[in-house]
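protein.cif (mmCIF, C-alpha atoms and all ligand atoms)
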```cif
data_model
loop_
_atom_site.label_atom_id
_atom_site.label_comp_id
_atom_site.auth_asym_id
_atom_site.auth_seq_id
_atom_site.Cartn_x
_atom_site.Cartn_y
_atom_site.Cartn_z
CA MET A 1 12.53 -44.84 -31.77
CA ALA A 2 14.05 -42.05 -33.86
CA PHE A 3 12.76 -43.76 -37.01
CA ILE A 4 9.26 -43.92 -35.58
CA ASP A 5 9.49 -40.24 -34.66
CA TYR A 6 10.54 -39.47 -38.22
CA LEU A 7 7.68 -41.51 -39.64
CA HIS A 8 5.23 -39.82 -37.31
CA ARG A 9 6.39 -36.39 -38.43
CA ALA A 10 6.19 -37.38 -42.09
CA ILE A 11 2.58 -38.45 -41.59
CA LEU A 12 1.75 -35.17 -39.87
CA ILE A 13 3.23 -33.21 -42.75
CA LEU A 14 0.71 -34.85 -45.06
CA MET A 15 -2.02 -33.87 -42.68
CA GLN A 16 -3.72 -30.53 -42.64
CA LYS A 17 -4.12 -28.73 -39.35
CA ALA A 18 -7.73 -27.76 -38.87
CA GLY A 19 -9.13 -25.60 -36.08
CA ILE A 20 -12.67 -25.39 -34.78
CA LEU A 21 -13.86 -22.36 -32.84
CA GLY A 22 -16.22 -23.62 -30.13
CA GLY A 23 -16.31 -26.99 -28.40
CA GLY A 24 -20.00 -27.92 -28.12
CA GLN A 25 -21.87 -30.90 -29.54
CA LEU A 26 -21.60 -29.68 -33.12
CA GLY A 27 -17.82 -29.61 -32.80
CA ARG A 28 -17.91 -33.03 -31.16
CA MET A 29 -19.79 -34.62 -34.06
CA LEU A 30 -17.48 -32.87 -36.52
CA LEU A 31 -14.51 -34.39 -34.69
CA GLN A 32 -16.07 -37.86 -34.73
CA GLN A 33 -16.06 -37.63 -38.52
CA ALA A 34 -12.54 -36.14 -38.63
CA ALA A 35 -11.18 -39.41 -37.28
CA ASN A 36 -11.64 -40.85 -40.79
CA TYR A 37 -9.46 -38.29 -42.57
CA PRO A 38 -5.85 -37.13 -42.62
CA VAL A 39 -6.40 -34.09 -40.45
CA GLU A 40 -4.95 -32.93 -37.17
CA THR A 41 -7.65 -31.20 -35.15
CA TYR A 42 -7.49 -28.20 -32.81
CA VAL A 43 -10.34 -26.84 -30.69
CA LEU A 44 -10.52 -23.41 -29.05
CA GLU A 45 -12.96 -23.22 -26.14
CA ASN A 46 -13.05 -21.83 -22.61
CA ASP A 47 -14.41 -24.94 -20.92
CA PRO A 48 -11.92 -27.83 -20.73
CA GLN A 49 -14.84 -30.18 -19.92
CA CYS A 50 -16.73 -29.27 -23.12
CA PRO A 51 -18.11 -32.03 -25.42
CA SER A 52 -15.21 -31.60 -27.91
CA ALA A 53 -12.30 -31.48 -25.48
CA HIS A 54 -11.43 -35.18 -25.50
CA LEU A 55 -12.03 -35.89 -29.17
CA CYS A 56 -9.56 -33.44 -30.71
CA HIS A 57 -5.80 -33.82 -31.04
CA HIS A 58 -5.16 -30.43 -29.41
CA PHE A 59 -7.47 -28.68 -26.98
CA VAL A 60 -6.63 -24.99 -26.55
CA GLN A 61 -8.29 -23.21 -23.67
CA GLY A 62 -9.32 -19.70 -24.63
CA ASN A 63 -12.13 -17.34 -25.48
CA ILE A 64 -13.53 -17.58 -29.02
CA GLN A 65 -14.70 -13.96 -28.70
CA ASP A 66 -11.27 -12.62 -27.78
CA PHE A 67 -9.12 -11.17 -30.59
CA ASP A 68 -5.75 -12.30 -29.20
CA ASP A 69 -6.95 -15.78 -28.26
CA VAL A 70 -8.39 -16.43 -31.73
CA LEU A 71 -5.34 -14.96 -33.49
CA ARG A 72 -2.90 -17.02 -31.40
CA PHE A 73 -4.98 -20.17 -31.90
CA GLY A 74 -5.26 -19.76 -35.66
CA LYS A 75 -1.94 -18.57 -36.93
CA THR A 76 -0.25 -21.97 -37.31
CA LEU A 77 -3.32 -23.69 -38.78
CA ASP A 78 -4.16 -24.46 -42.41
CA VAL A 79 -7.91 -24.10 -42.14
CA ILE A 80 -10.41 -22.88 -39.53
CA THR A 81 -14.15 -23.35 -39.19
CA ILE A 82 -16.75 -22.43 -36.57
CA GLU A 83 -19.43 -24.31 -34.71
CA ILE A 84 -21.08 -21.14 -33.36
CA GLU A 85 -21.36 -17.61 -34.80
CA THR A 86 -20.34 -15.66 -31.68
CA VAL A 87 -16.64 -15.61 -32.54
CA ASN A 88 -14.15 -12.78 -32.94
CA ILE A 89 -14.52 -11.88 -36.61
CA ASP A 90 -11.74 -9.25 -36.60
CA ALA A 91 -9.24 -11.94 -35.65
CA LEU A 92 -10.56 -14.27 -38.35
CA GLU A 93 -10.16 -11.49 -40.93
CA GLU A 94 -6.60 -10.94 -39.76
CA LEU A 95 -5.87 -14.66 -40.09
CA GLU A 96 -7.48 -14.72 -43.53
CA LYS A 97 -5.21 -11.88 -44.65
CA GLY A 98 -2.26 -13.90 -43.35
CA GLY A 99 -3.20 -16.83 -45.61
CA VAL A 100 -5.13 -19.10 -43.24
CA LYS A 101 -8.17 -20.57 -44.97
CA ILE A 102 -11.31 -19.54 -43.06
CA ILE A 103 -14.45 -21.48 -44.01
CA PRO A 104 -17.03 -19.91 -43.94
CA ARG A 105 -15.44 -16.55 -44.83
CA PRO A 106 -15.40 -14.04 -41.96
CA ALA A 107 -17.42 -11.51 -43.99
CA VAL A 108 -20.38 -13.88 -44.26
CA VAL A 109 -20.24 -14.75 -40.55
CA ARG A 110 -20.19 -11.02 -39.70
CA MET A 111 -23.29 -10.51 -41.82
CA ILE A 112 -25.19 -13.54 -40.52
CA LYS A 113 -24.41 -13.14 -36.81
CA ASN A 114 -26.38 -9.90 -36.73
CA LYS A 115 -30.04 -10.40 -37.66
CA ILE A 116 -30.34 -6.77 -38.83
CA ARG A 117 -27.49 -7.22 -41.32
CA GLN A 118 -28.77 -10.66 -42.30
CA LYS A 119 -32.25 -9.34 -43.10
CA ALA A 120 -30.75 -6.41 -45.01
CA PHE A 121 -28.73 -8.91 -47.08
CA TYR A 122 -31.90 -10.83 -47.98
CA LYS A 123 -33.62 -7.63 -49.05
CA GLU A 124 -30.67 -6.43 -51.09
CA HIS A 125 -30.37 -9.79 -52.85
CA HIS A 126 -34.12 -10.21 -53.47
CA ILE A 127 -34.39 -13.29 -51.26
CA PRO A 128 -38.01 -13.81 -50.16
CA SER A 129 -38.01 -13.11 -46.41
CA PRO A 130 -40.69 -11.56 -44.18
CA GLU A 131 -40.93 -7.77 -44.44
CA PHE A 132 -39.12 -6.03 -41.56
CA LEU A 133 -38.21 -2.77 -39.85
CA VAL A 134 -35.24 -1.96 -37.65
CA VAL A 135 -35.89 -0.61 -34.15
CA ASN A 136 -33.17 0.53 -31.80
CA ASN A 137 -35.06 0.55 -28.51
CA ARG A 138 -38.45 -0.02 -26.89
CA GLN A 139 -39.52 3.61 -27.42
CA GLU A 140 -39.17 3.32 -31.20
CA LEU A 141 -41.73 0.51 -31.26
CA GLN A 142 -44.39 3.18 -30.63
CA ASP A 143 -43.75 4.56 -34.13
CA HIS A 144 -44.71 1.26 -35.74
CA LEU A 145 -48.04 0.29 -34.20
CA SER A 146 -49.57 -0.36 -37.62
CA PHE A 147 -46.86 -2.98 -38.27
CA LEU A 148 -48.20 -5.23 -35.45
CA PRO A 149 -48.67 -8.14 -34.95
CA ALA A 150 -44.97 -8.74 -35.51
CA VAL A 151 -42.05 -10.82 -34.32
CA GLN A 152 -39.25 -8.90 -32.64
CA LYS A 153 -35.77 -10.41 -32.84
CA LEU A 154 -32.63 -9.16 -31.13
CA GLY A 155 -29.97 -8.12 -33.62
CA GLU A 156 -27.33 -10.00 -31.67
CA GLY A 157 -27.16 -12.37 -28.75
CA GLY A 158 -30.36 -14.38 -29.34
CA TYR A 159 -30.11 -18.17 -29.53
CA ASP A 160 -32.53 -21.12 -29.74
CA GLY A 161 -35.61 -18.92 -29.51
CA ARG A 162 -34.22 -16.65 -26.76
CA GLY A 163 -34.19 -13.12 -28.12
CA VAL A 164 -37.31 -13.73 -30.25
CA GLN A 165 -40.80 -12.68 -29.15
CA VAL A 166 -44.20 -12.00 -30.65
CA LEU A 167 -45.71 -8.54 -30.15
CA GLN A 168 -49.41 -8.92 -30.88
CA HIS A 169 -50.68 -5.42 -30.18
CA ALA A 170 -49.81 -2.04 -28.66
CA GLY A 171 -50.57 -3.31 -25.14
CA GLU A 172 -47.56 -5.64 -25.34
CA LEU A 173 -44.96 -3.04 -26.24
CA ASP A 174 -43.66 -2.82 -22.67
CA LYS A 175 -42.07 -6.25 -23.13
CA GLY A 176 -40.20 -5.01 -26.23
CA PHE A 177 -36.42 -5.47 -26.28
CA GLU A 178 -34.35 -2.47 -25.22
CA ALA A 179 -31.73 -3.15 -27.92
CA PRO A 180 -31.28 -2.93 -31.70
CA SER A 181 -33.56 -5.51 -33.23
CA VAL A 182 -35.67 -6.39 -36.25
CA LEU A 183 -39.42 -6.19 -36.21
CA GLU A 184 -40.65 -8.77 -38.66
CA LYS A 185 -44.11 -9.36 -40.15
CA MET A 186 -45.81 -12.45 -38.71
CA VAL A 187 -45.98 -15.30 -41.18
CA ASP A 188 -49.02 -17.57 -41.02
CA ILE A 189 -46.80 -20.64 -40.87
CA LYS A 190 -47.91 -23.96 -42.32
CA LYS A 191 -44.54 -25.66 -42.12
CA GLU A 192 -41.04 -24.91 -40.86
CA ILE A 193 -38.37 -26.40 -43.08
CA ALA A 194 -34.58 -26.51 -42.99
CA VAL A 195 -32.24 -27.15 -45.90
CA ILE A 196 -28.54 -27.82 -45.45
CA ILE A 197 -26.26 -26.94 -48.33
CA GLY A 198 -22.55 -27.40 -48.74
CA ILE A 199 -20.60 -25.23 -51.17
CA ASN A 200 -16.95 -25.73 -51.98
CA GLU A 201 -14.24 -23.30 -53.06
CA GLN A 202 -15.10 -23.93 -56.72
CA GLY A 203 -18.72 -22.91 -56.07
CA GLU A 204 -20.08 -26.46 -56.52
CA THR A 205 -23.01 -27.23 -54.22
CA ALA A 206 -24.46 -30.30 -52.53
CA VAL A 207 -28.00 -29.92 -51.19
CA PHE A 208 -29.49 -32.19 -48.52
CA PRO A 209 -33.16 -33.18 -48.83
CA PRO A 210 -35.26 -30.70 -46.77
CA VAL A 211 -36.20 -31.49 -43.18
CA GLU A 212 -39.54 -30.65 -41.60
CA MET A 213 -39.81 -29.44 -37.99
CA VAL A 214 -42.77 -30.84 -36.10
CA PHE A 215 -43.90 -28.71 -33.15
CA ASP A 216 -45.68 -29.70 -30.01
CA PRO A 217 -48.99 -27.82 -30.44
CA GLU A 218 -49.39 -27.27 -26.68
CA LEU A 219 -45.86 -26.26 -25.70
CA ASN A 220 -45.00 -24.69 -29.10
CA LEU A 221 -41.59 -26.34 -28.77
CA LEU A 222 -39.82 -28.35 -31.44
CA ASP A 223 -41.06 -31.87 -30.86
CA TYR A 224 -39.05 -33.75 -33.44
CA GLN A 225 -37.95 -33.34 -37.04
CA ILE A 226 -38.56 -35.56 -39.97
CA CYS A 227 -36.86 -36.18 -43.28
CA PRO A 228 -37.96 -36.17 -46.04
CA ALA A 229 -40.28 -33.23 -45.44
CA ASN A 230 -43.86 -33.84 -46.51
CA LEU A 231 -43.98 -31.36 -49.42
CA SER A 232 -45.33 -31.39 -52.95
CA ALA A 233 -42.74 -31.73 -55.72
CA SER A 234 -43.27 -28.13 -56.78
CA LEU A 235 -42.81 -26.77 -53.23
CA LEU A 236 -39.73 -28.92 -52.79
CA GLN A 237 -38.27 -27.49 -55.92
CA LYS A 238 -39.15 -23.94 -54.89
CA ILE A 239 -37.54 -24.39 -51.46
CA GLU A 240 -34.37 -25.91 -52.86
CA SER A 241 -34.04 -23.20 -55.45
CA VAL A 242 -34.56 -20.36 -52.92
CA ALA A 243 -32.08 -21.93 -50.47
CA SER A 244 -29.36 -22.69 -53.00
CA GLY A 245 -29.85 -19.32 -54.74
CA LEU A 246 -29.21 -17.68 -51.35
CA VAL A 247 -26.15 -19.72 -50.45
CA LYS A 248 -24.50 -18.98 -53.80
CA GLN A 249 -24.85 -15.26 -53.09
CA PHE A 250 -22.83 -15.55 -49.87
CA GLU A 251 -19.68 -15.87 -52.01
CA SER A 252 -18.14 -18.19 -49.46
CA PRO A 253 -17.42 -21.88 -49.25
CA GLY A 254 -18.91 -23.62 -46.24
CA LEU A 255 -21.85 -25.54 -44.91
CA PHE A 256 -25.03 -23.51 -44.43
CA ALA A 257 -28.38 -24.35 -42.85
CA VAL A 258 -31.22 -22.31 -44.33
CA GLU A 259 -34.39 -22.20 -42.23
CA LEU A 260 -37.57 -21.41 -44.15
CA PHE A 261 -41.29 -21.02 -43.58
CA VAL A 262 -44.02 -22.26 -45.90
CA ASP A 263 -47.15 -20.17 -45.30
CA GLN A 264 -50.81 -21.15 -45.69
CA ARG A 265 -50.72 -20.00 -49.33
CA ASP A 266 -47.64 -22.13 -50.03
CA GLU A 267 -45.39 -19.10 -50.31
CA VAL A 268 -41.80 -19.72 -49.24
CA TRP A 269 -39.94 -17.32 -46.90
CA VAL A 270 -36.37 -17.52 -45.65
CA ASN A 271 -36.33 -17.10 -41.87
CA GLU A 272 -32.61 -17.27 -41.16
CA THR A 273 -29.37 -18.98 -42.08
CA ALA A 274 -26.68 -20.56 -39.92
CA PRO A 275 -23.16 -20.60 -41.46
CA ARG A 276 -22.24 -23.94 -39.90
CA VAL A 277 -23.32 -27.48 -39.17
CA HIS A 278 -26.76 -27.40 -37.58
CA ASN A 279 -29.17 -29.19 -35.28
CA SER A 280 -31.50 -29.80 -38.23
CA GLY A 281 -28.82 -31.95 -39.89
CA HIS A 282 -28.09 -34.46 -37.13
CA HIS A 283 -30.07 -37.19 -38.88
CA THR A 284 -27.68 -37.04 -41.85
CA ILE A 285 -25.14 -39.04 -39.80
CA GLU A 286 -27.20 -42.20 -40.32
CA ALA A 287 -29.87 -41.23 -42.86
CA ASN A 288 -27.84 -39.81 -45.77
CA GLN A 289 -25.06 -41.05 -48.01
CA THR A 290 -22.81 -38.28 -46.69
CA SER A 291 -23.46 -36.55 -43.36
CA GLN A 292 -23.39 -32.78 -42.87
CA PHE A 293 -20.22 -33.26 -40.81
CA ASP A 294 -18.55 -35.32 -43.53
CA LEU A 295 -19.55 -32.79 -46.16
CA LEU A 296 -18.00 -29.95 -44.18
CA TRP A 297 -14.69 -31.86 -43.87
CA ARG A 298 -14.69 -32.49 -47.60
CA ILE A 299 -15.07 -28.75 -48.13
CA LEU A 300 -12.50 -27.79 -45.49
CA LEU A 301 -9.87 -30.21 -46.78
CA GLY A 302 -10.54 -29.76 -50.49
CA TYR A 303 -11.91 -33.23 -51.25
CA PRO A 304 -14.79 -33.98 -53.65
CA LEU A 305 -18.28 -33.20 -52.33
CA GLY A 306 -20.19 -36.34 -51.35
CA LYS A 307 -23.66 -37.44 -52.39
CA THR A 308 -26.36 -36.18 -50.06
CA GLY A 309 -29.15 -38.60 -51.02
CA LEU A 310 -31.32 -40.36 -48.45
CA VAL A 311 -30.40 -43.83 -47.27
CA SER A 312 -33.59 -43.95 -45.21
CA CYS A 313 -36.52 -41.99 -43.96
CA SER A 314 -35.70 -40.61 -40.48
CA ALA A 315 -36.96 -38.74 -37.44
CA MET A 316 -34.73 -37.02 -34.90
CA VAL A 317 -35.49 -35.96 -31.32
CA ASN A 318 -33.28 -33.77 -29.18
CA LEU A 319 -32.61 -34.91 -25.62
CA ILE A 320 -33.22 -31.81 -23.58
CA GLY A 321 -32.46 -31.32 -19.89
CA GLN A 322 -35.72 -32.00 -18.04
CA PRO A 323 -37.32 -29.00 -16.29
CA GLY A 324 -36.66 -29.08 -12.54
CA TYR A 325 -33.33 -30.92 -12.74
CA SER A 326 -29.90 -29.31 -12.52
CA GLY A 327 -26.64 -31.10 -11.71
CA ALA A 328 -24.72 -34.23 -12.74
CA ALA A 329 -26.58 -35.66 -15.75
CA ARG A 330 -28.36 -39.04 -15.63
CA TYR A 331 -30.17 -40.65 -18.56
CA SER A 332 -33.33 -42.36 -17.45
CA GLY A 333 -34.74 -44.83 -20.00
CA LEU A 334 -31.59 -45.03 -22.12
CA PRO A 335 -31.39 -48.87 -22.41
CA GLU A 336 -35.08 -49.02 -23.35
CA VAL A 337 -34.61 -46.55 -26.21
CA MET A 338 -31.43 -48.30 -27.34
CA ALA A 339 -33.42 -51.52 -27.57
CA MET A 340 -35.80 -49.96 -30.12
CA GLU A 341 -35.20 -51.03 -33.69
CA GLY A 342 -33.64 -48.31 -35.84
CA ALA A 343 -32.59 -46.10 -32.89
CA TYR A 344 -29.24 -44.29 -33.01
CA VAL A 345 -28.41 -42.61 -29.72
CA HIS A 346 -26.01 -39.69 -29.39
CA VAL A 347 -25.18 -38.45 -25.90
CA TYR A 348 -23.00 -35.35 -25.99
CA GLY A 349 -20.97 -36.00 -22.84
CA LYS A 350 -22.02 -32.84 -21.03
CA LYS A 351 -21.38 -33.51 -17.34
CA GLN A 352 -24.04 -31.12 -16.07
CA THR A 353 -27.66 -30.94 -17.08
CA LYS A 354 -29.99 -28.00 -16.63
CA PRO A 355 -33.54 -27.33 -17.84
CA GLY A 356 -33.65 -26.90 -21.61
CA ARG A 357 -29.97 -27.77 -22.23
CA LYS A 358 -29.33 -29.86 -25.36
CA MET A 359 -27.78 -33.06 -23.93
CA GLY A 360 -28.05 -35.45 -26.87
CA HIS A 361 -30.29 -36.65 -29.67
CA VAL A 362 -31.75 -39.86 -31.05
CA THR A 363 -32.31 -40.55 -34.74
CA PHE A 364 -34.71 -43.24 -35.89
CA LEU A 365 -34.45 -44.86 -39.30
CA GLY A 366 -37.38 -46.77 -40.75
CA GLU A 367 -39.53 -47.47 -43.79
CA SER A 368 -42.13 -44.76 -43.40
CA PRO A 369 -42.57 -41.28 -41.92
CA GLU A 370 -45.40 -42.61 -39.73
CA LEU A 371 -43.18 -45.34 -38.28
CA VAL A 372 -40.23 -43.10 -37.48
CA SER A 373 -42.33 -40.25 -36.07
CA GLY A 374 -44.18 -42.69 -33.81
CA LYS A 375 -40.85 -43.97 -32.50
CA ALA A 376 -39.47 -40.46 -32.04
CA GLN A 377 -42.52 -39.46 -29.99
CA ALA A 378 -42.33 -42.63 -27.90
CA ALA A 379 -38.59 -42.12 -27.26
CA LYS A 380 -39.19 -38.57 -26.17
CA LYS A 381 -41.43 -39.82 -23.37
CA MET A 382 -39.18 -42.77 -22.43
CA LEU A 383 -35.81 -41.04 -22.29
CA GLN A 384 -35.31 -38.22 -19.83
CA VAL A 385 -32.24 -36.28 -18.80
CA ILE A 386 -32.37 -35.73 -15.07
CA ALA A 387 -29.89 -35.05 -12.28
P1 LIG A 401 -33.64 -18.41 -33.26
O1 LIG A 401 -32.56 -17.85 -34.09
O2 LIG A 401 -33.53 -18.06 -31.83
O3 LIG A 401 -33.87 -19.89 -33.51
P2 LIG A 401 -35.85 -17.78 -35.08
O4 LIG A 401 -35.71 -16.57 -35.90
O5 LIG A 401 -35.60 -19.09 -35.78
O6 LIG A 401 -34.98 -17.67 -33.75
O7 LIG A 401 -37.31 -17.82 -34.47
C1 LIG A 401 -37.74 -18.83 -33.57
C2 LIG A 401 -39.13 -19.29 -33.93
O8 LIG A 401 -40.04 -18.19 -33.89
C3 LIG A 401 -39.25 -19.84 -35.35
O9 LIG A 401 -38.87 -21.20 -35.39
C4 LIG A 401 -40.74 -19.63 -35.62
O10 LIG A 401 -41.52 -20.66 -35.04
C5 LIG A 401 -41.03 -18.32 -34.90
N1 LIG A 401 -40.92 -17.18 -35.86
C6 LIG A 401 -39.77 -16.52 -36.19
N2 LIG A 401 -40.04 -15.55 -37.10
C7 LIG A 401 -41.35 -15.60 -37.36
C8 LIG A 401 -42.22 -14.86 -38.23
N3 LIG A 401 -41.80 -13.86 -38.98
N4 LIG A 401 -43.54 -15.20 -38.23
C9 LIG A 401 -44.02 -16.19 -37.45
N5 LIG A 401 -43.25 -16.91 -36.60
C10 LIG A 401 -41.92 -16.65 -36.56
#
```

Could you rewrite the structure in this file as structure tokens?
Ligand code: ADP
Amino acid sequence: MAFIDYLHRAILILMQKAGILGGGQLGRMLLQQAANYPVETYVLENDPQCPSAHLCHHFVQGNIQDFDDVLRFGKTLDVITIEIETVNIDALEELEKGGVKIIPRPAVVRMIKNKIRQKAFYKEHHIPSPEFLVVNNRQELQDHLSFLPAVQKLGEGGYDGRGVQVLQHAGELDKGFEAPSVLEKMVDIKKEIAVIIGINEQGETAVFPPVEMVFDPELNLLDYQICPANLSASLLQKIESVASGLVKQFESPGLFAVELFVDQRDEVWVNETAPRVHNSGHHTIEANQTSQFDLLWRILLGYPLGKTGLVSCSAMVNLIGQPGYSGAARYSGLPEVMAMEGAYVHVYGKKQTKPGRKMGHVTFLGESPELVSGKAQAAKKMLQVIA
């Protein structure tokens, strides 16, 4: 027994201790990949029933926004990453000073988590991004009537489209946010694209082929996403060069998702960046040589970057809690979707569903964009998350 204990300890010494702040589905998929590597995983999250709780070696209950909780969680770890931006940055900076590796660097998370700072960074670094103004309250909108129509975005606290609204004309100013926000010029969007890029401590990058978001024209909600994006070679090159030029200027290792717009004149604009694994990269689990989750581990643990090339064309649909249903989650139509050729189902293990909650996703692999988008649309109708 003692010998086995000794052996066990010796193995752990070879392992790095890695912490993830946040325990949602992004953390869960990161942990699924961690099982392949010599790493001991720790998760900090308030909810002991969260999607990551049962897949990590050590679940630590605590608040990712609380200085003491984050400091206590991180001080014995080798490396820390995040799966959401709303974390206590002061504590991460303290840990960084104490020698814990924080990927991405706290300074870049501080800049990105506030849309005012993020937009200012783009301007300062000559990154093409829609022109903007900063407004501190609803009253100040009155000073900028000539800037309308515009998109108003909360500086902090917005998520998945909440905290973003279009102000068409002066008559709509009463719905303006009563908080510091950016007022951004409307882009006449032709396509919404996302590019995921990994960058290691040596500054080497690995860029995933761009993904195209396809919106439901009636609901104006993301319908599904497709990879590769349907773009000309010159636009592809422009997008990749804008996105990787941006990520290099962050001066931080990490995995970044850059969301961009292509307008009707084929101009490229950076909308925003996430400093973490992202919804737009779920398909990489099956459709790319290395997944976004694998690439982040390689960066966190100091291994070579993997190849990001496509194994297959893919389409991905999110499984969203059906409107009108709240309570214990049930998955109607799951066996039917699983019977479809090329379907890869991911259910996140959230016990409770509510309208609009991200409960899972399905990726389809296939020979052509038409084939996989048809399947994604069919699956969306067949599979419903109800209570
Ligand atoms: P979130 O961070 O909540 O996802 P985004 O900044 O990505 O918010 O905005 C959500 C959506 O609003 C985008 O996907 C896009 O469809 C639309 N949008 C955002 N900014 C603009 C803009 N400047 N012009 C036109 N549409 C925009």

Checklist entry - Taking (-27.7, -1.3, -32.6) in the file's coordinates, which residues come within 7 Å, counting only C-alpha atoms, written as a PyMOL selection string? => result chain A and resi 136+179-180

Item to check | Exercise answer, 8 Å around ligand LIG 401 (chain A) with all atoms listed in the file, as a ChimeraX atom specification | outcome: /A:130,150-151,153,158-166,184-189,192,220,259,271-272

Next on the checklist: I'd like the interatomic distance between CA of Ala194 in chain A and CA of Arg28 in chain A, to a tenth of an Å.
Outcome noted: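 The value is 21.5 Å.
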
Item to check | Shell of 6 Å around range 308-318 of chain A, all atoms listed in the file, local chain residues under 5 positions omitted, as a ChimeraX atom specification | outcome: /A:208,224-227,287-290,360-366,372-373

Checklist entry - For the point (-12.1, -33.8, -57.3) in file coordinates, what residues are within 12 Å, counting only C-alpha atoms? Give the answer as a PyMOL selection string? => result chain A and resi 200-202+204+298-299+301-306

Next on the checklist: Using only C-alpha atoms for the distances, tell me which of A:Glu85, A:Asp69, A:Glu156, A:Asp78 is nearest to Asn114 in chain A.
Outcome noted: A:Glu156

Using only C-alpha atoms, what table do you get, as CSV, when you list each residue of range 268-313 of chain A with an atom no more than 10 Å from range 338-347 of chain A, its nearest pair of atoms, and their distance in Å rounded to one decimal, rows by chain then rising number?
```
residue,atom,partner,partner_atom,distance
A:His282,CA,A:His346,CA,9.6
A:His283,CA,A:Tyr344,CA,9.2
A:Ile285,CA,A:Tyr344,CA,9.5
A:Glu286,CA,A:Tyr344,CA,7.9
```

Writing out the chosen residues with C-alpha atoms as a PDB file, keeping the file's coordinate frame:
```pdb
ATOM      1  CA  HIS A 282     -28.090 -34.460 -37.130  1.00  0.00           C
ATOM      2  CA  HIS A 283     -30.070 -37.190 -38.880  1.00  0.00           C
ATOM      3  CA  ILE A 285     -25.140 -39.040 -39.800  1.00  0.00           C
ATOM      4  CA  GLU A 286     -27.200 -42.200 -40.320  1.00  0.00           C
TER       5      GLU A 286
END
```

Next on the checklist: Restricting the calculation to all atoms listed in the file: of A:Gln322, A:Thr273, A:Ser368, A:Thr205, which residue gets closest to Asn230 in chain A?
Outcome noted: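 Answer, going by the shortest atom-to-atom distance: A:Ser368.
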
All file atoms of range 326-343 of chain A boxed axis-aligned, 5 Å per side, centre plus edges, as lines of an AutoDock Vina configuration file:
```
center_x = -30.3
center_y = -40.4
center_z = -23.8
size_x = 21.1
size_y = 32.2
size_z = 34.1
```

Checklist entry - How many Å lie between CA of Ile64 in chain A and CA of Ile199 in chain A, rounded to one decimal? => result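 Between these atoms lies a distance of 24.5 Å.
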
Next on the checklist: Could you list, as a VMD selection string, every residue within 12 Å of Arg110 in chain A, counting only C-alpha atoms and ignoring same-chain residues fewer than 2 positions away?
Outcome noted: chain A and resid 84 to 93 104 to 108 112 to 118 121 155 to 156 250 274 to 275
